[in-house]
>>> print(open('run.cif').read())   # mmCIF, C-alpha atoms
data_query
loop_
_atom_site.label_atom_id
_atom_site.label_comp_id
_atom_site.auth_asym_id
_atom_site.auth_seq_id
_atom_site.Cartn_x
_atom_site.Cartn_y
_atom_site.Cartn_z
CA MET R 1 89.32 137.73 56.60
CA ALA R 2 92.63 139.16 55.44
CA HIS R 3 93.60 139.98 59.04
CA ARG R 4 93.57 136.39 60.25
CA PHE R 5 95.55 135.10 57.26
CA ARG R 6 98.28 137.71 57.72
CA HIS R 7 98.94 136.38 61.19
CA ALA R 8 98.68 132.65 60.49
CA LEU R 9 102.14 132.08 59.04
CA ALA R 10 103.86 134.49 61.38
CA LEU R 11 102.59 132.45 64.32
CA ALA R 12 103.57 129.06 62.95
CA LEU R 13 107.20 129.05 64.07
CA SER R 14 106.42 130.35 67.54
CA VAL R 15 103.85 127.58 67.94
CA ALA R 16 106.46 124.93 67.20
CA THR R 17 108.96 126.48 69.60
CA VAL R 18 106.53 126.66 72.51
CA LEU R 19 105.24 123.17 71.90
CA ALA R 20 108.71 121.69 71.97
CA THR R 21 109.21 122.91 75.53
CA ALA R 22 105.76 121.92 76.77
CA ALA R 23 105.30 118.54 75.07
CA CYS R 24 106.39 116.44 78.04
CA SER R 25 103.57 117.55 80.35
CA ILE R 26 100.67 118.89 78.33
CA GLY R 27 98.73 115.74 77.57
CA ALA R 28 97.86 114.35 80.97
CA PRO R 29 94.18 114.95 81.90
CA VAL R 30 93.34 116.43 85.26
CA THR R 31 91.42 114.08 87.56
CA ARG R 32 88.53 115.88 89.24
CA ALA R 33 84.76 115.98 89.19
CA ALA R 34 83.38 116.91 85.81
CA ARG R 35 81.71 120.31 85.55
CA THR R 36 78.08 120.25 84.50
CA ASP R 37 77.06 123.89 84.87
CA GLU R 38 79.48 125.99 82.78
CA ILE R 39 82.12 126.04 80.09
CA THR R 40 84.65 128.56 78.79
CA VAL R 41 84.98 129.15 75.04
CA TRP R 42 87.94 130.89 73.42
CA VAL R 43 87.10 132.62 70.13
CA MET R 44 89.70 134.22 67.88
CA GLN R 45 89.19 137.87 66.97
CA ASP R 46 87.44 138.34 63.61
CA ASP R 47 86.65 134.63 63.11
CA PHE R 48 83.02 134.82 64.23
CA SER R 49 80.68 137.73 64.80
CA ALA R 50 79.31 138.34 68.28
CA ALA R 51 75.83 137.62 66.94
CA THR R 52 76.91 134.18 65.72
CA ILE R 53 78.42 133.21 69.06
CA ASP R 54 75.33 134.54 70.86
CA ALA R 55 73.10 132.38 68.65
CA ILE R 56 75.14 129.26 69.49
CA ASN R 57 75.11 130.10 73.19
CA THR R 58 71.34 130.61 73.23
CA ARG R 59 70.79 127.16 71.74
CA PHE R 60 73.34 125.64 74.13
CA ARG R 61 71.79 127.16 77.25
CA ALA R 62 68.32 125.98 76.19
CA GLN R 63 69.62 122.45 75.59
CA THR R 64 71.88 122.02 78.64
CA GLY R 65 71.02 124.73 81.17
CA ALA R 66 74.73 125.45 81.47
CA GLU R 67 76.39 128.86 81.27
CA VAL R 68 78.97 129.90 78.66
CA HIS R 69 81.88 132.23 79.31
CA VAL R 70 83.19 133.56 76.00
CA GLN R 71 86.67 135.07 75.80
CA THR R 72 87.72 136.73 72.53
CA GLN R 73 91.43 136.37 71.89
CA PRO R 74 93.65 138.62 69.74
CA TRP R 75 95.97 136.95 67.23
CA ASP R 76 99.15 138.53 68.55
CA GLY R 77 100.84 136.12 70.96
CA ILE R 78 98.09 133.52 70.74
CA ALA R 79 100.46 130.56 70.27
CA THR R 80 102.20 131.09 73.59
CA LYS R 81 99.01 132.10 75.39
CA LEU R 82 97.08 129.05 74.20
CA MET R 83 99.84 126.57 75.00
CA THR R 84 100.21 128.04 78.48
CA ALA R 85 96.46 127.84 79.07
CA LEU R 86 96.18 124.26 77.80
CA ALA R 87 98.90 123.15 80.22
CA THR R 88 97.07 124.46 83.29
CA SER R 89 94.54 122.59 85.39
CA ASN R 90 91.77 124.95 84.25
CA PRO R 91 92.08 125.48 80.49
CA PRO R 92 89.37 126.82 78.19
CA ASP R 93 87.02 123.97 77.34
CA VAL R 94 86.31 124.86 73.71
CA ILE R 95 88.95 126.42 71.47
CA ASP R 96 88.57 128.16 68.11
CA ILE R 97 91.73 126.96 66.36
CA GLY R 98 93.05 127.66 62.87
CA ASN R 99 93.43 124.60 60.70
CA THR R 100 97.16 125.25 60.25
CA LYS R 101 97.69 124.92 64.01
CA VAL R 102 95.71 121.79 64.87
CA LEU R 103 98.57 119.40 64.12
CA GLU R 104 101.10 121.07 66.39
CA PHE R 105 98.75 121.10 69.37
CA ALA R 106 97.34 117.63 68.74
CA ARG R 107 100.74 115.94 68.62
CA THR R 108 101.50 117.05 72.19
CA GLY R 109 98.26 115.63 73.60
CA ALA R 110 96.83 119.09 74.27
CA LEU R 111 93.62 118.40 72.33
CA LEU R 112 91.01 115.73 72.91
CA ASP R 113 90.65 113.06 70.21
CA LEU R 114 87.14 113.57 68.78
CA SER R 115 87.15 110.54 66.47
CA ALA R 116 84.36 108.78 68.36
CA GLN R 117 82.16 111.86 67.95
CA ARG R 118 82.93 112.43 64.25
CA GLU R 119 79.46 111.45 62.98
CA GLU R 120 77.69 113.51 65.61
CA LEU R 121 79.80 116.59 64.94
CA ALA R 122 79.43 116.25 61.15
CA HIS R 123 75.65 115.79 61.52
CA GLY R 124 75.63 113.10 58.86
CA GLY R 125 77.44 115.30 56.36
CA THR R 126 80.81 115.04 54.67
CA TRP R 127 83.27 117.74 55.64
CA LEU R 128 85.10 119.55 52.87
CA ASP R 129 88.44 117.84 52.23
CA GLY R 130 90.46 121.00 52.64
CA LEU R 131 88.98 121.55 56.10
CA GLU R 132 89.02 118.00 57.46
CA GLN R 133 92.51 116.99 56.32
CA PRO R 134 94.48 119.41 58.53
CA MET R 135 92.28 118.67 61.54
CA THR R 136 93.40 115.04 61.70
CA TYR R 137 96.61 113.61 63.11
CA ASP R 138 97.83 110.02 63.21
CA GLY R 139 94.36 108.77 62.29
CA GLY R 140 92.55 110.82 64.94
CA LEU R 141 90.26 113.85 64.63
CA TYR R 142 91.28 116.75 66.87
CA ALA R 143 88.96 119.55 65.73
CA ALA R 144 85.57 119.80 64.05
CA PRO R 145 85.58 122.08 60.98
CA ALA R 146 83.73 125.33 61.60
CA PHE R 147 84.12 127.37 58.40
CA GLY R 148 86.27 127.66 55.32
CA ALA R 149 87.77 130.22 52.96
CA ALA R 150 89.11 129.40 49.49
CA ARG R 151 90.95 131.18 46.68
CA THR R 152 89.64 131.65 43.17
CA VAL R 153 90.12 133.82 40.13
CA ILE R 154 88.43 137.15 40.93
CA TYR R 155 87.78 139.28 37.86
CA ASN R 156 86.35 142.64 36.88
CA ARG R 157 83.21 141.75 34.94
CA ARG R 158 82.88 145.27 33.57
CA MET R 159 86.36 145.18 32.02
CA TRP R 160 85.76 141.71 30.60
CA ARG R 161 82.42 142.79 29.06
CA GLU R 162 84.19 145.73 27.43
CA ALA R 163 86.55 143.19 25.86
CA GLY R 164 83.56 141.19 24.58
CA ILE R 165 83.51 138.47 27.27
CA THR R 166 80.11 137.84 28.86
CA THR R 167 80.49 134.50 30.68
CA PRO R 168 83.28 133.14 32.88
CA PRO R 169 85.54 130.48 31.33
CA THR R 170 85.20 126.82 32.28
CA THR R 171 88.39 125.50 30.64
CA TYR R 172 92.02 126.57 30.66
CA ASP R 173 91.98 127.28 26.93
CA GLU R 174 88.92 129.49 27.35
CA LEU R 175 90.61 131.34 30.20
CA CYS R 176 93.74 131.97 28.15
CA GLY R 177 91.61 133.17 25.22
CA ASP R 178 89.72 135.55 27.49
CA LEU R 179 92.87 136.93 29.07
CA ASP R 180 94.42 137.42 25.63
CA ARG R 181 91.38 139.49 24.60
CA VAL R 182 91.57 141.60 27.75
CA GLN R 183 95.30 142.10 27.26
CA ARG R 184 94.77 143.27 23.67
CA ALA R 185 92.06 145.70 24.81
CA HIS R 186 94.66 147.34 27.07
CA ALA R 187 97.63 147.09 24.73
CA GLY R 188 98.38 150.78 25.19
CA ASP R 189 98.90 150.48 28.97
CA ALA R 190 102.40 149.17 29.68
CA ASP R 191 101.58 148.74 33.40
CA PHE R 192 98.50 146.59 32.78
CA SER R 193 98.36 142.85 33.52
CA ALA R 194 95.47 140.75 32.27
CA LEU R 195 95.80 138.66 35.44
CA TYR R 196 98.18 140.00 38.06
CA LEU R 197 99.94 137.06 39.72
CA PRO R 198 102.83 137.79 42.10
CA GLY R 199 105.67 135.30 41.85
CA GLN R 200 105.56 134.77 45.61
CA ASN R 201 101.87 133.78 45.60
CA TRP R 202 102.61 130.22 46.70
CA PHE R 203 98.92 129.56 47.45
CA ALA R 204 98.22 129.81 43.72
CA GLY R 205 101.45 128.03 42.89
CA LEU R 206 100.43 124.96 44.87
CA GLN R 207 97.29 124.70 42.73
CA PHE R 208 99.41 124.16 39.63
CA LEU R 209 101.28 121.34 41.39
CA TRP R 210 98.14 119.62 42.66
CA ASP R 211 96.57 120.03 39.22
CA VAL R 212 99.09 117.59 37.69
CA GLY R 213 99.09 115.16 40.60
CA ALA R 214 102.21 116.57 42.23
CA SER R 215 102.80 117.59 45.83
CA PRO R 216 105.69 119.30 47.61
CA ALA R 217 105.86 116.35 50.02
CA GLU R 218 104.29 112.90 50.28
CA LEU R 219 104.09 110.06 52.80
CA ARG R 220 106.16 107.15 51.53
CA ASP R 221 106.83 103.99 53.56
CA GLY R 222 105.82 105.77 56.74
CA GLN R 223 108.16 108.74 56.16
CA TRP R 224 107.32 112.17 54.77
CA THR R 225 109.58 112.96 51.83
CA ALA R 226 109.93 115.99 49.54
CA THR R 227 108.76 115.11 46.03
CA LEU R 228 108.78 118.35 44.06
CA GLY R 229 111.68 117.20 41.88
CA SER R 230 109.57 114.42 40.36
CA PRO R 231 108.48 114.64 36.70
CA ASN R 232 104.99 115.70 37.76
CA GLY R 233 106.43 118.30 40.13
CA ILE R 234 108.56 119.82 37.37
CA ALA R 235 105.57 119.83 34.99
CA GLY R 236 103.47 121.67 37.56
CA LEU R 237 106.21 124.17 38.31
CA GLN R 238 106.71 124.91 34.62
CA ALA R 239 102.97 125.27 34.02
CA TRP R 240 102.86 127.79 36.86
CA ALA R 241 105.78 129.76 35.44
CA SER R 242 104.36 129.74 31.91
CA PHE R 243 101.00 131.11 33.03
CA GLN R 244 102.55 133.68 35.35
CA ASN R 245 104.97 134.96 32.69
CA ARG R 246 102.25 135.12 30.03
CA TYR R 247 99.68 137.21 31.85
CA SER R 248 101.37 139.07 34.70
CA SER R 249 103.93 141.86 34.55
CA LYS R 250 107.63 141.13 34.47
CA ALA R 251 108.11 143.04 37.71
CA SER R 252 105.59 140.76 39.45
CA ARG R 253 107.86 137.70 39.15
CA THR R 254 109.59 138.62 42.40
CA ALA R 255 106.65 140.44 44.02
CA ASP R 256 104.89 139.52 47.23
CA THR R 257 101.09 139.41 47.46
CA LEU R 258 100.95 142.58 49.60
CA ILE R 259 103.56 144.85 47.97
CA PRO R 260 102.08 146.09 45.76
CA ASP R 261 98.66 145.21 47.14
CA GLN R 262 97.07 143.09 44.41
CA ALA R 263 93.54 143.88 45.62
CA GLN R 264 94.24 147.59 45.16
CA LEU R 265 95.65 146.92 41.69
CA LEU R 266 92.36 145.18 40.91
CA GLY R 267 90.40 148.16 42.21
CA GLN R 268 92.57 150.64 40.32
CA GLN R 269 92.01 148.53 37.17
CA LYS R 270 95.71 147.97 36.61
CA THR R 271 94.68 144.34 36.24
CA SER R 272 91.42 142.66 35.32
CA ALA R 273 91.88 139.60 37.55
CA ILE R 274 93.81 138.09 40.47
CA ILE R 275 93.86 134.76 42.30
CA TRP R 276 93.03 135.45 45.95
CA ASN R 277 90.40 135.21 48.67
CA ALA R 278 87.10 137.08 48.92
CA SER R 279 88.54 139.92 51.02
CA ALA R 280 90.10 141.25 47.80
CA VAL R 281 86.69 142.32 46.50
CA THR R 282 86.01 144.44 49.57
CA LYS R 283 89.44 146.08 49.31
CA ALA R 284 89.10 146.65 45.56
CA VAL R 285 85.76 148.41 45.98
CA ALA R 286 87.11 150.48 48.86
CA SER R 287 89.99 151.68 46.67
CA ASN R 288 87.73 152.82 43.81
CA PRO R 289 84.37 154.50 44.54
CA GLN R 290 83.33 153.97 40.90
CA LEU R 291 83.19 150.20 41.46
CA SER R 292 80.76 148.04 43.42
CA ALA R 293 80.78 144.39 44.42
CA ASP R 294 78.44 143.68 41.50
CA ASP R 295 81.25 144.63 39.10
CA PHE R 296 83.17 141.51 40.14
CA GLY R 297 82.80 137.80 39.61
CA ALA R 298 84.79 134.74 40.58
CA PHE R 299 85.45 131.27 39.21
CA PRO R 300 87.74 128.37 40.09
CA MET R 301 91.05 128.28 38.25
CA PRO R 302 90.54 125.76 35.41
CA SER R 303 92.75 122.69 35.13
CA VAL R 304 95.66 123.17 32.75
CA GLY R 305 95.55 119.63 31.42
CA GLY R 306 91.88 119.07 30.72
CA ASP R 307 88.38 119.38 32.11
CA GLY R 308 87.56 120.49 35.63
CA GLN R 309 89.31 122.85 37.98
CA GLN R 310 92.52 123.09 39.91
CA PRO R 311 92.29 122.11 43.59
CA THR R 312 92.35 125.15 45.83
CA MET R 313 94.00 125.53 49.21
CA MET R 314 91.38 125.84 51.94
CA SER R 315 91.91 128.03 54.98
CA GLY R 316 89.59 128.02 57.95
CA SER R 317 89.03 127.21 61.59
CA GLY R 318 87.74 124.40 63.72
CA TRP R 319 86.43 123.77 67.21
CA ALA R 320 88.64 121.72 69.54
CA VAL R 321 88.32 120.48 73.14
CA ALA R 322 91.17 120.81 75.62
CA THR R 323 92.36 117.43 76.91
CA ARG R 324 92.40 118.84 80.44
CA SER R 325 88.86 120.23 80.20
CA ALA R 326 86.72 119.42 83.25
CA ALA R 327 83.58 119.63 81.11
CA PRO R 328 84.26 117.60 77.94
CA SER R 329 80.64 116.49 77.56
CA LEU R 330 79.39 120.08 77.69
CA ALA R 331 82.18 121.15 75.33
CA LEU R 332 81.12 118.53 72.79
CA ALA R 333 77.48 119.57 73.11
CA TRP R 334 78.46 123.18 72.41
CA ILE R 335 80.54 122.21 69.37
CA SER R 336 77.76 119.98 68.03
CA ILE R 337 75.44 123.00 68.02
CA ALA R 338 78.14 125.23 66.48
CA THR R 339 78.70 122.81 63.59
CA SER R 340 75.03 122.01 62.98
CA PRO R 341 73.52 122.70 59.54
CA ALA R 342 71.10 125.22 61.05
CA VAL R 343 73.92 127.32 62.52
CA GLU R 344 76.09 126.89 59.44
CA ARG R 345 73.32 128.18 57.16
CA ALA R 346 71.97 131.06 59.19
CA TRP R 347 75.14 132.29 60.83
CA ILE R 348 78.39 130.97 59.36
CA VAL R 349 77.35 131.46 55.73
CA GLU R 350 74.55 134.00 55.58
CA HIS R 351 75.57 136.24 58.48
CA ASP R 352 79.37 135.99 58.69
CA GLY R 353 80.02 135.26 55.02
CA TRP R 354 82.23 132.17 55.35
CA LEU R 355 82.04 128.94 53.38
CA PRO R 356 80.13 126.12 55.14
CA ASN R 357 81.91 123.08 56.52
CA THR R 358 80.31 120.26 54.48
CA ARG R 359 79.98 119.22 50.87
CA GLU R 360 76.22 118.84 51.29
CA LEU R 361 75.72 122.45 52.41
CA THR R 362 78.07 123.72 49.70
CA THR R 363 76.08 121.83 47.06
CA GLU R 364 72.83 123.10 48.54
CA TYR R 365 73.92 126.73 48.15
CA LEU R 366 75.20 126.15 44.63
CA ALA R 367 71.75 124.89 43.67
CA SER R 368 69.84 127.57 45.59
CA GLY R 369 70.23 130.57 43.30
CA LYS R 370 71.13 132.69 46.36
CA LEU R 371 74.80 133.20 45.56
CA SER R 372 76.26 136.31 43.98
CA ALA R 373 78.66 136.09 41.03
CA VAL R 374 81.56 136.30 43.47
CA GLN R 375 80.21 133.88 46.05
CA ARG R 376 79.44 131.21 43.47
CA GLY R 377 83.06 130.99 42.39
CA PHE R 378 84.23 130.39 45.94
CA PHE R 379 81.59 127.75 46.64
CA GLU R 380 82.55 125.94 43.43
CA ALA R 381 86.22 126.08 44.39
CA ALA R 382 85.49 124.69 47.86
CA MET R 383 84.23 121.43 46.36
CA HIS R 384 87.77 120.71 45.18
CA SER R 385 89.80 121.91 48.14
CA ARG R 386 93.08 120.61 49.50
CA SER R 387 95.36 121.30 52.44
CA THR R 388 99.13 121.52 52.69
CA PRO R 389 101.05 118.42 53.86
CA ASN R 390 99.80 117.59 57.33
CA VAL R 391 103.16 116.77 58.85
CA PRO R 392 105.30 118.15 61.69
CA GLY R 393 107.80 120.63 60.31
CA TRP R 394 105.67 121.86 57.43
CA ALA R 395 104.85 125.05 59.34
CA THR R 396 108.55 125.92 59.13
CA ILE R 397 108.51 125.58 55.34
CA GLU R 398 105.56 127.96 55.15
CA ALA R 399 107.02 130.45 57.58
CA ASP R 400 110.65 130.69 56.48
CA GLY R 401 109.94 131.88 52.94
CA SER R 402 110.86 128.60 51.20
CA LEU R 403 107.59 128.44 49.27
CA LYS R 404 107.69 132.08 48.23
CA GLU R 405 111.24 131.62 46.99
CA LEU R 406 110.35 128.42 45.15
CA PHE R 407 107.61 129.88 42.97
CA SER R 408 109.30 133.24 42.51
CA LYS R 409 112.52 131.62 41.26
CA ALA R 410 110.52 129.42 38.87
CA ALA R 411 108.75 132.50 37.51
CA LEU R 412 112.09 134.26 37.02
CA ASP R 413 113.72 131.38 35.15
CA PRO R 414 111.46 128.46 34.16
CA SER R 415 114.39 126.74 32.42
CA LYS R 416 115.94 126.03 35.82
CA ALA R 417 112.83 124.36 37.25
CA GLN R 418 114.66 121.11 38.03
CA ASP R 419 117.48 122.81 39.93
CA ILE R 420 115.01 125.00 41.79
CA ALA R 421 112.87 121.99 42.74
CA ASP R 422 115.89 119.93 43.84
CA ALA R 423 117.07 122.74 46.13
CA PHE R 424 113.58 123.02 47.62
CA ASP R 425 113.44 119.26 48.17
CA GLU R 426 116.79 119.28 49.97
CA ARG R 427 115.63 122.02 52.32
CA THR R 428 112.24 120.39 52.90
CA ASP R 429 113.70 116.93 53.58
CA ALA R 430 116.05 118.38 56.18
CA VAL R 431 113.22 120.20 57.99
CA LEU R 432 110.73 117.33 57.88
CA SER R 433 113.31 114.74 58.88
CA GLU R 434 114.35 116.76 61.92
CA ALA R 435 110.72 117.30 62.95
CA GLN R 436 109.85 113.61 62.59
CA GLU R 437 112.91 112.53 64.58
CA GLU R 438 111.63 114.63 67.49
CA LEU R 439 108.35 112.68 67.68
#
>>> encode(input="run.cif", output="structure tokens")
Amino acid sequence: MAHRFRHALALALSVATVLATAACSIGAPVTRAARTDEITVWVMQDDFSAATIDAINTRFRAQTGAEVHVQTQPWDGIATKLMTALATSNPPDVIDIGNTKVLEFARTGALLDLSAQREELAHGGTWLDGLEQPMTYDGGLYAAPAFGAARTVIYNRRMWREAGITTPPTTYDELCGDLDRVQRAHAGDADFSALYLPGQNWFAGLQFLWDVGASPAELRDGQWTATLGSPNGIAGLQAWASFQNRYSSKASRTADTLIPDQAQLLGQQKTSAIIWNASAVTKAVASNPQLSADDFGAFPMPSVGGDGQQPTMMSGSGWAVATRSAAPSLALAWISIATSPAVERAWIVEHDGWLPNTRELTTEYLASGKLSAVQRGFFEAAMHSRSTPNVPGWATIEADGSLKELFSKAALDPSKAQDIADAFDERTDAVLSEAQEEL
């Protein structure tokens, strides 16, 4: 899981660059007889297990009699490779595409609009908001959500029990009380953080903005505009800085999520909690043989202002069809099987360990009693998921360090939140305006 997220932002700028040069020619479909006997499916490395793809293919062959050619693609160089392939007369028919990349390919006409097949591909369910939002563009659907991954508070249950805490908190006040108790229990360790939260962890930072109804950018009068400098934006930024300063180390205010590795800090028990994805548990256990997965739990970050939880940013992938595919009907049949509840249950969730694509399946698992203490937290978080602004140019804001700088500066000096937000808005407006002018 961690592997695919490390590459996502690094690829974003190269995607935009390649698309700009190919946009004039990519969208036109190729006129020829439709294929009815085979399709080619591109699958990204580490997204799906071989067993999961085999299970989908078995069902597809039984249903259609057609053959499937699966090609597993590495992340390195995928933006250029995919754009080149989509512009040819013989592209892959089905594409495993990260939700952060759907917009850039859809806007060039490289992906087939699946809006007419939405109900069929959702199988009567309601896709999780954080998965569906980034797979739409200009009112059209350009990929069917395949799986999701969220971020929650991951905590060491053993350390919390030693501090007298036996159940996870459900409110912000309870969380602060619990973290205060853990901090007091480790008062003699100057390097200890009750909840280690790097200042550059913009994924967590966005949650504090969304929690108060703020967003880094909004659509107003048909134009995307930066809005962080609004009263709600400043309130969210200050809430983030207050929490970060209270429970994480002073040195962490400028730290990235990987240096030091927060999952290893969790495993080494230099912190009792972090806000990250499920891969952190695996890494924490690997770094400390005295710990097991059962020593950890997870819960959604509670809302600062009242009941409920903060929205969480959803990562994930979807299945798209190349506009130039000569077998669109077969491609849609394959995707319909891949997104079916049966495949989601048996393979996406229970075999590969991802979150399912619909609210109905998420609710089903929450009521099933099957989930571990860690899994439950992520399923609960998924019910309140969001995505970043789905607008051309946003990939640049993610990739150029603007978001990391925003939240790190706020953590360093909360009193300058307005100036920090205004500078971010100026940069964001310039990027988004330029991107929208190119449409």
>>> closest_atom_pairs(input="run.cif", of="range 267-339 of chain R", to="range 126-133 of chain R", cutoff="12 Å", atoms="all atoms listed in the file", output="tab-separated table")
residue	atom	partner	partner_atom	distance
R:Pro311	CA	R:Gly130	CA	9.3
R:Thr312	CA	R:Gly130	CA	8.2
R:Met313	CA	R:Gly130	CA	6.7
R:Met314	CA	R:Gly130	CA	5.0
R:Ser315	CA	R:Leu131	CA	7.2
R:Gly316	CA	R:Leu131	CA	6.8
R:Ser317	CA	R:Leu131	CA	7.9
R:Gly318	CA	R:Leu131	CA	8.2
R:Trp319	CA	R:Leu131	CA	11.6
R:Thr339	CA	R:Trp127	CA	10.5
>>> closest_residue(input="run.cif", among="R:Ile97, R:Ala51, R:Leu258, R:Leu195", to="Ser272 in chain R", atoms="all atoms listed in the file")
R:Leu195
>>> residues_around(input="run.cif", residues="range 388-391 of chain R", least_positions_apart="2", cutoff="8 Å", atoms="only C-alpha atoms", output="number ranges by chain")
R: 103, 133-134, 137, 216-218, 224, 313, 386, 393-394, 432
>>> residues_around(input="run.cif", residues="Leu141 in chain R", least_positions_apart="4", cutoff="8 Å", atoms="all atoms listed in the file", output="JSON, numbers by chain")
{"R": [113, 114, 115, 118, 135, 136, 137]}
>>> atom_distance(input="run.cif", atom1="CA of Ala143 in chain R", atom2="CA of Val431 in chain R")
25.5 Å
